[in-house]
Protein chains: 2
Amino acid sequence: MKKIQVGLIGFGTVGSGLAQTLYEQKERLQRKVGTEIVLTQVADIMTDSLPEQFAGVKLTKDAGDIFSNPDIDIVVELIGGMEPARTFMLEAIKNGKHVVTANKALLSVHGKEIFEAAVANNVEVGFEASVGGGIPVIKSLKEGLVANRIESIMGIMNGTANYILTRMTDEGVPFDEVLKDAQEQGFAEADPTYDVEGIDTAHKLAILMTIAYGKHVHLDDINTEGISNITPVDIEFAKEFGCRIKLLAISRNHDTHVEARVHPTMVPNSHMLANINGAYNAIHFTGDTVGNVLLYGLGAGMMPTGSAVAADVVDIGRNILCNSINRVPALSYLPQHIGKPTITPMSELSGPYYFRITALDKPGVLSTISGIFSKYNISIKSVIQKSRHELDPVAIVIHSHVANEDSVQKCIAEIDALDVCTENTVKIRILTDNK
Amino acid sequence: MKKIQVGLIGFGTVGSGLAQTLYEQKERLQRKVGTEIVLTQVADIMTDSLPEQFAGVKLTKDAGDIFSNPDIDIVVELIGGMEPARTFMLEAIKNGKHVVTANKALLSVHGKEIFEAAVANNVEVGFEASVGGGIPVIKSLKEGLVANRIESIMGIMNGTANYILTRMTDEGVPFDEVLKDAQEQGFAEADPTYDVEGIDTAHKLAILMTIAYGKHVHLDDINTEGISNITPVDIEFAKEFGCRIKLLAISRNHDTHVEARVHPTMVPNSHMLANINGAYNAIHFTGDTVGNVLLYGLGAGMMPTGSAVAADVVDIGRNILCNSINRVPALSYLPQHIGKPTITPMSELSGPYYFRITALDKPGVLSTISGIFSKYNISIKSVIQKSRHELDPVAIVIHSHVANEDSVQKCIAEIDALDVCTENTVKIRILTDNK
């Protein structure tokens with residue numbers, strides 16, 4: 001039987017993880033697939049030699065050598081970032097190679113171009129590793145939940161942000177301190193912007209929404225807020241309300257329009273997502289047939305990501321052997337049925353909110369503030385005022401009933417303009433249900 | 001393009017759920033698969049007419065009509081139980097039909113015969129719905145985690161048992177009372193034996209082990225204990241140790257032999273499985289490449305099960321359209337690589353244990369008991385003695401370090417033979433790690 005031959009671009013952490021996975025699982029895969037899956041060639045500008053166990057693997061510094069290698073069936077792109085990854089993917093596709101990638105940044109921005117090129121060239125695009133690391137989330141959504149209208153997607157999709165929030169919650173330590181420690185321990189990048197500002201999570205949500213709804217969702221469609229402003233004080237108040245603060249990706253399907261947002265969220269302890277701790281990821285789908293499903297595991301790392309990339313390689317390899325290319329459409333729906341999304345404007349969202357207002361402890365302040373809430377039709381569920389000394393700024397913590405985002409923004413602007421308010425008001429959205 | 005035509009045997013709860021799913025998701029599936037998936041014929045001895053929306057569907061009381069219907073590509077068996085389900089499956093296979101089933105009891109006993117018949121007739125067997133209801137657990141294990149040696153399987157796989165334990169834990173109510181209430185509310189069967197005695201869970205574990213390890217595991221291979229002896233007292237003591245009691249399926253892979261057991265287990269609150277409540281199921285895999293993965297959702301019910309059966313129908317339908325039958329081997333490994341398992345004898349297991357000894361509160365009792373523990377080399381981690389009145393029986397609760405099962409059995413036998421012991425000792429195994 002024909003061997004399946006893989007060309008790998010990028011021999012960094014994830015690339016080495018794939019190479020190691022294919023090496024260690026070689027016999028197991030053969031007993032499942034019936035043929036060898038072989039790493040044939042590696043392209044990496046930084047690598048001058050490969051570890052001993054890859055003695056038979058060709059090494060080049062020019063990715064073009066892989067595209068022009070007629071033996072190679074599947075090109076795996078694991079260099080990350082926009083360029084040259086985009087050009088490499090398109091070149092590989094143009095050369096009739098199937099492609100596999102873990103590059104969520106690329107797909108959430110240039111996905112449409114790449115998927116359309118793949119259709120035009122009748123090749124496959126595997127991207128299981130782009131969301132949730134080793135968790136089989138893309139396959140589950142495309143195949144396991146095929147007979148479902150996806151009503152919502154919610155998830156903790158960035159291990160670094162979740163690690164930081166978990167330690168802030170468990171140890172009461174401020175953001176900057178945990179981040180610095182995480183960087184020293186190698187759990188956070190030197191530039192943590194993508195992770196802590198929610199951008200990486202938004203990349204992943206864009207990919208999941210595209211598959212779930214059959215609409216090309218772009219990174220720019222997603223309203224994104226990070227966790228760098230979250231303080232131990234808010235985490236403590238969250239506990240008083242029976243919640244934990246998590247960086248969630250949230251999308252709800254309203255058919256004519258879809259929500260698309262990433263922001264810190266107070267999650268009730270009774271909800272599965274409140275109990276996802278440390279570097280773990282979890283993605284929660286609600287389908288009209290299946291109800292709630294949650295998939296949990298390590299969202300990053302050399303070997304978990306290697307597991308997902310290898311699964312894609314096997315999947316495509318089987319289609320090569322069976323002559324069944326694009327047996328399952330790359331984006332779940334057939335290309336001719338994929339449209340453009342209409343994103344719900346943030347101003348139209350509604351839900352309960354947590355507010356922390358910092359004001360001087362003068363008579364009448366609470367009355368003024370609650371008057372402004374009332375003016376914007378925001379109904380107050382509870383108020384906690386933490387004050388000790390007159391004239392010191394106090395924290396007024398308000399938990400609202402369901403309110404409209406636009407009204408909330410206007411309400412906060414008016415409150416923050418008060419002379420008695422000494423800091424900008426913090427607002428955190430509260431998750432209400434399983435959707 | 002060719003339509004995919006389905007024949008359904010059994011129009012009970014799950015059968016109606018499949019019919020409704022195919023009806024409601026018809027257009028969505030067409031936009032994904034590119035052709036119609038049609039329910040062509042239903043066989044049910046109890047049904048004289050189908051609901052209005054299934055006007056075009058043929059109805060028969062004779063399953064044989066389905067096997068001999070040349071239009072039908074896929075036969076779905078949803079009658080449950082051993083016979084006539086087994087005969088129907090084999091007849092369908094002999095007639096060249098692909099088969100889909102949710103029948104875990106059948107597969108865990110007659111799986112070998114059915115899968116071998118399918119291979120001989122070059123047809124597919126879909127059984128996603130047999131484990132974890134709507135959770136895509138079989139597909140994830142076979143495909144998403146293909147590049148993994150599965151090191152362990154652990155799971156809460158019976159919603160009824162988990163519902164009962166959750167209510168016992170949250171409300172402090174005894175087993176019998178919760179069971180009765182669950183039966184009245186329709187959450188438990190009139191004969192709940194399979195659910196509460198762990199047999200249904202054992203069916204499912206046998207199926208998962210077969211796929212995970214590439215060995216034909218039979219129901220009889222699995223050591224099974226149920227939850228009917230669990231008391232609120234043990235649940236309260238579990239809480240004192242920071243644990244919840246769950247009915248777990250546990251299998252660990254030691255390569256030359258594999259553990260296979262179902263029993264009540266004290267699960268530390270920090271473990272994901274401790275937080276799976278109510279009728280939900282969760283299956284936890286540890287793979288050597290991916291690490292820990294957990295899949296969560298509704299393990300039963302008309303529509304969740306319909307979702308899983310429909311996913312199998314689509315999967316097989318795609319293989320029919322692409323002419324790629326058995327693209328993925330039914331049992332993950334190719335038939336020639338599936339062997340016989342060697343099951344670890346229960347007597348060789350080891351782990352920490354919880355013991356609740358009921359004894360008269362006489363001087364020297366604790367000394368006698370701890371002497372017996374010492375004799376069997378069982379090291380005590382903590383002892384709680386709850387006593388108030390002299391001569392009343394007291395509860396002596398012991399949490400041991402890692403101990404051998406065989407020694408534990410002998411130790412208990414010796415303790416229970418003491419004159420001062422007024423009731424049989426309760427032992428519950430404690431989960432120690434993520435594996």
# chains A, B, ... in the order shown; residues from 1 in each chain; ligands from 1
$ select_by_dssp --residues "segment 38-178 of chain A" --states "alpha helix (DSSP H)" --output "PyMOL selection string"
chain A and resi 64-67+85-94+104-120+137-139+159-171+175-178
$ write_last_selection --atoms "C-alpha atoms" --output "mmCIF file, in the first residue's frame"
data_model
loop_
_atom_site.group_PDB
_atom_site.id
_atom_site.type_symbol
_atom_site.label_atom_id
_atom_site.label_comp_id
_atom_site.auth_asym_id
_atom_site.auth_seq_id
_atom_site.Cartn_x
_atom_site.Cartn_y
_atom_site.Cartn_z
ATOM 1 C CA GLY A 64 10.088 25.500 -1.835
ATOM 2 C CA ASP A 65 11.968 22.184 -1.779
ATOM 3 C CA ILE A 66 8.972 20.667 -0.004
ATOM 4 C CA PHE A 67 6.388 22.058 -2.454
ATOM 5 C CA ALA A 85 3.047 31.227 6.508
ATOM 6 C CA ARG A 86 0.277 32.523 4.227
ATOM 7 C CA THR A 87 2.475 32.365 1.111
ATOM 8 C CA PHE A 88 3.734 28.899 2.040
ATOM 9 C CA MET A 89 0.190 27.576 2.524
ATOM 10 C CA LEU A 90 -0.952 29.002 -0.809
ATOM 11 C CA GLU A 91 2.158 27.702 -2.603
ATOM 12 C CA ALA A 92 1.667 24.229 -1.184
ATOM 13 C CA ILE A 93 -1.986 24.242 -2.226
ATOM 14 C CA LYS A 94 -1.116 25.487 -5.728
ATOM 15 C CA LYS A 104 -5.191 30.249 14.143
ATOM 16 C CA ALA A 105 -3.960 33.802 13.558
ATOM 17 C CA LEU A 106 -3.545 33.083 9.853
ATOM 18 C CA LEU A 107 -6.874 31.280 9.437
ATOM 19 C CA SER A 108 -8.874 33.914 11.313
ATOM 20 C CA VAL A 109 -7.550 36.605 8.957
ATOM 21 C CA HIS A 110 -6.760 34.863 5.645
ATOM 22 C CA GLY A 111 -8.936 31.771 6.079
ATOM 23 C CA LYS A 112 -11.323 32.641 3.255
ATOM 24 C CA GLU A 113 -8.480 32.948 0.740
ATOM 25 C CA ILE A 114 -6.833 29.720 1.904
ATOM 26 C CA PHE A 115 -9.992 27.618 1.999
ATOM 27 C CA GLU A 116 -11.092 28.890 -1.415
ATOM 28 C CA ALA A 117 -7.669 28.076 -2.876
ATOM 29 C CA ALA A 118 -7.915 24.567 -1.418
ATOM 30 C CA VAL A 119 -11.336 24.020 -3.007
ATOM 31 C CA ALA A 120 -10.038 25.296 -6.359
ATOM 32 C CA VAL A 137 -12.916 20.053 18.922
ATOM 33 C CA ILE A 138 -12.951 20.733 15.167
ATOM 34 C CA LYS A 139 -13.723 17.103 14.300
ATOM 35 C CA GLY A 159 -4.256 28.493 28.611
ATOM 36 C CA THR A 160 -1.999 31.407 29.557
ATOM 37 C CA ALA A 161 -4.898 33.715 30.410
ATOM 38 C CA ASN A 162 -6.637 30.933 32.304
ATOM 39 C CA TYR A 163 -3.476 30.071 34.202
ATOM 40 C CA ILE A 164 -3.090 33.715 35.264
ATOM 41 C CA LEU A 165 -6.745 34.070 36.316
ATOM 42 C CA THR A 166 -6.623 30.774 38.208
ATOM 43 C CA ARG A 167 -3.590 31.870 40.212
ATOM 44 C CA MET A 168 -5.082 35.319 40.833
ATOM 45 C CA THR A 169 -8.231 33.594 42.127
ATOM 46 C CA ASP A 170 -6.524 30.977 44.261
ATOM 47 C CA GLU A 171 -3.721 33.146 45.647
ATOM 48 C CA PHE A 175 -2.240 40.394 37.503
ATOM 49 C CA ASP A 176 1.232 41.914 36.966
ATOM 50 C CA GLU A 177 2.799 39.735 39.611
ATOM 51 C CA VAL A 178 1.320 36.469 38.274
#
$ closest_atom_pairs --of "chain A" --to "chain B" --cutoff "6 Å" --atoms "only C-alpha atoms" --output "Markdown table"
| residue | atom | partner | partner_atom | distance |
| --- | --- | --- | --- | --- |
| A:Gln25 | CA | B:Ala147 | CA | 6.0 |
| A:Arg31 | CA | B:Tyr333 | CA | 5.8 |
| A:Lys32 | CA | B:Tyr333 | CA | 4.3 |
| A:Gly134 | CA | B:Val290 | CA | 5.5 |
| A:Pro136 | CA | B:Gly144 | CA | 5.0 |
| A:Gly144 | CA | B:Pro136 | CA | 5.0 |
| A:Val146 | CA | B:Ala311 | CA | 6.0 |
| A:Ala147 | CA | B:Ser307 | CA | 5.9 |
| A:Thr289 | CA | B:Met303 | CA | 5.3 |
| A:Val290 | CA | B:Pro304 | CA | 4.0 |
| A:Asn292 | CA | B:Gly297 | CA | 5.7 |
| A:Val293 | CA | B:Gly297 | CA | 4.4 |
| A:Leu294 | CA | B:Tyr296 | CA | 4.9 |
| A:Leu295 | CA | B:Leu295 | CA | 4.7 |
| A:Tyr296 | CA | B:Leu294 | CA | 4.9 |
| A:Gly297 | CA | B:Val293 | CA | 4.4 |
| A:Met303 | CA | B:Thr289 | CA | 5.3 |
| A:Pro304 | CA | B:Val290 | CA | 4.0 |
| A:Ser307 | CA | B:Val290 | CA | 5.6 |
| A:Ala311 | CA | B:Gly144 | CA | 5.6 |
| A:Cys322 | CA | B:Ser324 | CA | 5.5 |
| A:Ser324 | CA | B:Cys322 | CA | 5.5 |
| A:Tyr333 | CA | B:Lys32 | CA | 4.3 |
| A:Leu334 | CA | B:Lys32 | CA | 5.3 |
$ select_by_dssp --residues "segment 23-89 of chain A" --states "strand (DSSP E or B)" --output "PyMOL selection string"
chain A and resi 37-43+58-60+74-77
$ write_last_selection --atoms "N, CA, C and O atoms" --output "short mmCIF file (atom, residue, chain, number, x, y, z; two decimals), in the first residue's frame"
data_model
loop_
_atom_site.label_atom_id
_atom_site.label_comp_id
_atom_site.auth_asym_id
_atom_site.auth_seq_id
_atom_site.Cartn_x
_atom_site.Cartn_y
_atom_site.Cartn_z
N ILE A 37 3.02 6.12 7.83
CA ILE A 37 2.94 7.57 7.70
C ILE A 37 4.32 8.10 8.04
O ILE A 37 4.81 7.92 9.16
N VAL A 38 4.97 8.71 7.05
CA VAL A 38 6.39 8.99 7.15
C VAL A 38 6.66 10.49 7.09
O VAL A 38 6.11 11.19 6.24
N LEU A 39 7.50 10.97 7.99
CA LEU A 39 8.02 12.33 7.86
C LEU A 39 9.18 12.27 6.87
O LEU A 39 10.21 11.66 7.13
N THR A 40 8.98 12.90 5.70
CA THR A 40 9.94 12.76 4.60
C THR A 40 10.93 13.92 4.57
O THR A 40 12.12 13.73 4.31
N GLN A 41 10.44 15.12 4.84
CA GLN A 41 11.30 16.29 4.70
C GLN A 41 10.89 17.38 5.69
O GLN A 41 9.69 17.56 5.97
N VAL A 42 11.88 18.09 6.19
CA VAL A 42 11.65 19.21 7.11
C VAL A 42 12.31 20.46 6.52
O VAL A 42 13.44 20.40 6.05
N ALA A 43 11.59 21.57 6.54
CA ALA A 43 12.17 22.85 6.14
C ALA A 43 12.18 23.78 7.35
O ALA A 43 11.14 23.99 7.99
N LYS A 58 14.94 14.21 5.22
CA LYS A 58 15.69 15.28 4.53
C LYS A 58 15.47 16.60 5.25
O LYS A 58 14.37 16.88 5.74
N LEU A 59 16.49 17.44 5.24
CA LEU A 59 16.39 18.76 5.87
C LEU A 59 16.75 19.83 4.87
O LEU A 59 17.75 19.70 4.13
N THR A 60 15.98 20.89 4.80
CA THR A 60 16.27 22.00 3.89
C THR A 60 15.97 23.31 4.62
O THR A 60 15.25 23.31 5.63
N ILE A 74 1.38 15.59 1.99
CA ILE A 74 0.78 16.53 2.94
C ILE A 74 1.85 17.47 3.45
O ILE A 74 2.91 17.02 3.93
N VAL A 75 1.60 18.78 3.35
CA VAL A 75 2.53 19.78 3.88
C VAL A 75 1.96 20.32 5.19
O VAL A 75 0.81 20.77 5.23
N VAL A 76 2.75 20.25 6.24
CA VAL A 76 2.32 20.75 7.55
C VAL A 76 3.05 22.06 7.82
O VAL A 76 4.28 22.10 7.85
N GLU A 77 2.29 23.13 8.00
CA GLU A 77 2.85 24.46 8.27
C GLU A 77 2.80 24.72 9.76
O GLU A 77 1.70 24.81 10.32
#
$ atom_distance --atom1 "atom CA of Thr193 of chain A" --atom2 "atom CA of Gly10 of chain A"
22.8 Å
$ closest_residue --among "B:Leu349, B:Met154, B:Ile430, B:Ile372" --to "Val267 of chain B" --atoms "only C-alpha atoms"
B:Ile430
$ residues_around --residues "Ala417 of chain A" --least-positions-apart "6" --cutoff "12 Å" --atoms "only C-alpha atoms" --output "list in words"
Ile357, Thr358, Ala359, Ile369, Ile372, Lys410, Cys411, Glu423, Asn424 and Thr425 of chain A
$ write_last_selection --atoms "all heavy atoms" --output "compact mmCIF listing (two decimals), in the first residue's frame"
# COMPACT_ATOMS: atom_id res chain seq x y z
N ILE A 357 -17.88 50.66 41.33
CA ILE A 357 -17.76 52.10 41.22
C ILE A 357 -16.90 52.57 42.38
O ILE A 357 -17.09 52.13 43.53
CB ILE A 357 -19.17 52.75 41.28
CG1 ILE A 357 -20.00 52.25 40.09
CG2 ILE A 357 -19.08 54.26 41.31
CD1 ILE A 357 -21.49 52.35 40.32
N THR A 358 -15.92 53.44 42.12
CA THR A 358 -15.07 53.97 43.18
C THR A 358 -15.43 55.44 43.39
O THR A 358 -15.30 56.25 42.47
CB THR A 358 -13.59 53.82 42.79
OG1 THR A 358 -13.36 52.46 42.40
CG2 THR A 358 -12.68 54.17 43.95
N ALA A 359 -15.94 55.73 44.57
CA ALA A 359 -16.44 57.09 44.82
C ALA A 359 -16.08 57.53 46.23
O ALA A 359 -15.82 56.69 47.11
CB ALA A 359 -17.95 57.12 44.63
N ILE A 369 -26.02 57.77 42.35
CA ILE A 369 -25.64 56.67 41.44
C ILE A 369 -26.85 55.81 41.09
O ILE A 369 -27.08 55.50 39.92
CB ILE A 369 -24.51 55.84 42.08
CG1 ILE A 369 -23.21 56.64 42.04
CG2 ILE A 369 -24.33 54.49 41.38
CD1 ILE A 369 -22.06 56.05 42.83
N ILE A 372 -28.91 57.37 38.49
CA ILE A 372 -28.39 57.25 37.11
C ILE A 372 -28.72 55.86 36.55
O ILE A 372 -29.13 55.72 35.40
CB ILE A 372 -26.87 57.56 37.08
CG1 ILE A 372 -26.62 59.00 37.52
CG2 ILE A 372 -26.31 57.31 35.68
CD1 ILE A 372 -25.16 59.37 37.72
N LYS A 410 -23.55 54.06 28.55
CA LYS A 410 -23.94 55.46 28.81
C LYS A 410 -24.02 55.72 30.31
O LYS A 410 -23.61 56.78 30.79
CB LYS A 410 -25.29 55.74 28.15
CG LYS A 410 -25.16 55.87 26.62
CD LYS A 410 -26.53 56.06 25.97
CE LYS A 410 -26.37 56.15 24.44
NZ LYS A 410 -27.60 55.74 23.75
N CYS A 411 -24.56 54.75 31.03
CA CYS A 411 -24.68 54.87 32.49
C CYS A 411 -23.29 55.04 33.13
O CYS A 411 -23.09 55.93 33.97
CB CYS A 411 -25.39 53.63 33.02
SG CYS A 411 -25.47 53.51 34.80
N GLU A 423 -12.26 56.95 40.33
CA GLU A 423 -11.64 56.03 39.36
C GLU A 423 -12.69 55.61 38.35
O GLU A 423 -13.88 55.70 38.62
CB GLU A 423 -11.14 54.75 40.06
CG GLU A 423 -9.85 54.91 40.83
CD GLU A 423 -9.44 53.60 41.50
OE1 GLU A 423 -9.69 52.52 40.90
OE2 GLU A 423 -8.93 53.65 42.62
N ASN A 424 -12.23 55.13 37.21
CA ASN A 424 -13.18 54.62 36.22
C ASN A 424 -13.90 53.39 36.78
O ASN A 424 -13.29 52.56 37.47
CB ASN A 424 -12.48 54.23 34.92
CG ASN A 424 -12.13 55.47 34.09
OD1 ASN A 424 -12.72 56.55 34.29
ND2 ASN A 424 -11.18 55.32 33.20
N THR A 425 -15.15 53.29 36.48
CA THR A 425 -15.96 52.17 36.92
C THR A 425 -15.55 50.90 36.15
O THR A 425 -15.31 50.96 34.95
CB THR A 425 -17.45 52.48 36.68
OG1 THR A 425 -17.80 53.56 37.54
CG2 THR A 425 -18.34 51.27 36.95
$ residues_around --residues "segment 78-82 of chain A" --least-positions-apart "6" --cutoff "8 Å" --atoms "only C-alpha atoms" --output "list in words"
Leu8, Ile9, Gly10, Phe11, Gly12, Val14, Gly15, Thr101, Ala102, Asn103, Ala105 and Leu106 of chain A
$ write_last_selection --atoms "all heavy atoms" --output "PDB file, in the first residue's frame"
ATOM      1  N   LEU A   8       7.271  18.885   6.509  1.00  0.00           N
ATOM      2  CA  LEU A   8       7.008  19.760   7.659  1.00  0.00           C
ATOM      3  C   LEU A   8       7.763  21.072   7.508  1.00  0.00           C
ATOM      4  O   LEU A   8       8.988  21.070   7.325  1.00  0.00           O
ATOM      5  CB  LEU A   8       7.446  19.028   8.939  1.00  0.00           C
ATOM      6  CG  LEU A   8       7.540  19.837  10.236  1.00  0.00           C
ATOM      7  CD1 LEU A   8       6.183  20.430  10.620  1.00  0.00           C
ATOM      8  CD2 LEU A   8       8.061  18.948  11.377  1.00  0.00           C
ATOM      9  N   ILE A   9       7.052  22.190   7.581  1.00  0.00           N
ATOM     10  CA  ILE A   9       7.705  23.502   7.560  1.00  0.00           C
ATOM     11  C   ILE A   9       7.662  24.069   8.969  1.00  0.00           C
ATOM     12  O   ILE A   9       6.578  24.328   9.502  1.00  0.00           O
ATOM     13  CB  ILE A   9       7.002  24.469   6.584  1.00  0.00           C
ATOM     14  CG1 ILE A   9       6.878  23.826   5.193  1.00  0.00           C
ATOM     15  CG2 ILE A   9       7.755  25.785   6.489  1.00  0.00           C
ATOM     16  CD1 ILE A   9       6.129  24.688   4.193  1.00  0.00           C
ATOM     17  N   GLY A  10       8.830  24.233   9.581  1.00  0.00           N
ATOM     18  CA  GLY A  10       8.899  24.759  10.942  1.00  0.00           C
ATOM     19  C   GLY A  10       9.212  23.661  11.936  1.00  0.00           C
ATOM     20  O   GLY A  10       8.361  22.819  12.226  1.00  0.00           O
ATOM     21  N   PHE A  11      10.442  23.679  12.449  1.00  0.00           N
ATOM     22  CA  PHE A  11      10.850  22.641  13.400  1.00  0.00           C
ATOM     23  C   PHE A  11      11.036  23.234  14.793  1.00  0.00           C
ATOM     24  O   PHE A  11      11.976  22.940  15.497  1.00  0.00           O
ATOM     25  CB  PHE A  11      12.131  21.947  12.906  1.00  0.00           C
ATOM     26  CG  PHE A  11      12.329  20.566  13.485  1.00  0.00           C
ATOM     27  CD1 PHE A  11      11.557  19.499  13.056  1.00  0.00           C
ATOM     28  CD2 PHE A  11      13.279  20.333  14.464  1.00  0.00           C
ATOM     29  CE1 PHE A  11      11.727  18.230  13.586  1.00  0.00           C
ATOM     30  CE2 PHE A  11      13.460  19.061  15.010  1.00  0.00           C
ATOM     31  CZ  PHE A  11      12.681  18.014  14.567  1.00  0.00           C
ATOM     32  N   GLY A  12      10.093  24.094  15.181  1.00  0.00           N
ATOM     33  CA  GLY A  12      10.098  24.660  16.534  1.00  0.00           C
ATOM     34  C   GLY A  12       9.434  23.688  17.498  1.00  0.00           C
ATOM     35  O   GLY A  12       9.463  22.474  17.304  1.00  0.00           O
ATOM     36  N   VAL A  14       6.176  23.001  18.283  1.00  0.00           N
ATOM     37  CA  VAL A  14       5.078  22.174  17.785  1.00  0.00           C
ATOM     38  C   VAL A  14       5.564  21.258  16.658  1.00  0.00           C
ATOM     39  O   VAL A  14       5.185  20.084  16.599  1.00  0.00           O
ATOM     40  CB  VAL A  14       3.889  23.046  17.329  1.00  0.00           C
ATOM     41  CG1 VAL A  14       2.769  22.168  16.795  1.00  0.00           C
ATOM     42  CG2 VAL A  14       3.382  23.891  18.490  1.00  0.00           C
ATOM     43  N   GLY A  15       6.437  21.786  15.806  1.00  0.00           N
ATOM     44  CA  GLY A  15       6.990  20.966  14.726  1.00  0.00           C
ATOM     45  C   GLY A  15       7.736  19.750  15.266  1.00  0.00           C
ATOM     46  O   GLY A  15       7.546  18.616  14.796  1.00  0.00           O
ATOM     47  N   THR A 101      -2.355  22.787   9.389  1.00  0.00           N
ATOM     48  CA  THR A 101      -1.772  23.911  10.124  1.00  0.00           C
ATOM     49  C   THR A 101      -2.363  24.022  11.521  1.00  0.00           C
ATOM     50  O   THR A 101      -3.469  23.533  11.774  1.00  0.00           O
ATOM     51  CB  THR A 101      -1.995  25.232   9.349  1.00  0.00           C
ATOM     52  OG1 THR A 101      -1.333  26.295  10.045  1.00  0.00           O
ATOM     53  CG2 THR A 101      -3.475  25.575   9.226  1.00  0.00           C
ATOM     54  N   ALA A 102      -1.595  24.665  12.407  1.00  0.00           N
ATOM     55  CA  ALA A 102      -2.099  24.993  13.744  1.00  0.00           C
ATOM     56  C   ALA A 102      -2.258  26.510  13.875  1.00  0.00           C
ATOM     57  O   ALA A 102      -2.476  27.024  14.963  1.00  0.00           O
ATOM     58  CB  ALA A 102      -1.107  24.492  14.801  1.00  0.00           C
ATOM     59  N   ASN A 103      -2.189  27.198  12.732  1.00  0.00           N
ATOM     60  CA  ASN A 103      -2.045  28.662  12.716  1.00  0.00           C
ATOM     61  C   ASN A 103      -3.395  29.381  12.763  1.00  0.00           C
ATOM     62  O   ASN A 103      -3.964  29.741  11.734  1.00  0.00           O
ATOM     63  CB  ASN A 103      -1.269  29.018  11.441  1.00  0.00           C
ATOM     64  CG  ASN A 103      -0.749  30.422  11.442  1.00  0.00           C
ATOM     65  OD1 ASN A 103      -1.327  31.303  12.071  1.00  0.00           O
ATOM     66  ND2 ASN A 103       0.341  30.641  10.733  1.00  0.00           N
ATOM     67  N   ALA A 105      -4.047  32.389  13.951  1.00  0.00           N
ATOM     68  CA  ALA A 105      -3.960  33.802  13.558  1.00  0.00           C
ATOM     69  C   ALA A 105      -4.160  33.910  12.051  1.00  0.00           C
ATOM     70  O   ALA A 105      -4.978  34.708  11.563  1.00  0.00           O
ATOM     71  CB  ALA A 105      -2.602  34.367  13.966  1.00  0.00           C
ATOM     72  N   LEU A 106      -3.451  33.073  11.318  1.00  0.00           N
ATOM     73  CA  LEU A 106      -3.545  33.083   9.853  1.00  0.00           C
ATOM     74  C   LEU A 106      -4.965  32.767   9.383  1.00  0.00           C
ATOM     75  O   LEU A 106      -5.532  33.481   8.549  1.00  0.00           O
ATOM     76  CB  LEU A 106      -2.561  32.047   9.292  1.00  0.00           C
ATOM     77  CG  LEU A 106      -2.521  31.898   7.771  1.00  0.00           C
ATOM     78  CD1 LEU A 106      -2.015  33.167   7.113  1.00  0.00           C
ATOM     79  CD2 LEU A 106      -1.639  30.712   7.367  1.00  0.00           C
TER      80      LEU A 106
END
$ atom_distance --atom1 "atom CA of Asn95 of chain A" --atom2 "atom CA of Ile211 of chain A"
25.6 Å
$ closest_residue --among "A:Ile72, A:Met266, A:Ala19, A:Ile4" --to "Glu236 of chain A" --atoms "only C-alpha atoms"
A:Met266
$ residues_around --residues "segment 391-398 of chain A" --least-positions-apart "6" --cutoff "7 Å" --atoms "only C-alpha atoms" --output "list in words"
Tyr354, Phe355, Arg356, Ile357, Thr358, Ala359, Leu360, Asp361, Lys362, Ile380, Ser382, Val383, Ile384 and Gln385 of chain A
$ residues_around --residues "Ala249 of chain A" --least-positions-apart "2" --cutoff "10 Å" --atoms "only C-alpha atoms" --output "list in words"
Ile153, Met154, Gly155, Ile156, Met157, Asn158, Gly198, Thr201, Ala202, His203, Lys204, Leu205, Ala206, Ile222, Asn223, Thr224, Lys246, Leu247, Ser251, Ala260, Arg261, Val262, His263, Pro264, Thr265, Ile283 and His284 of chain A
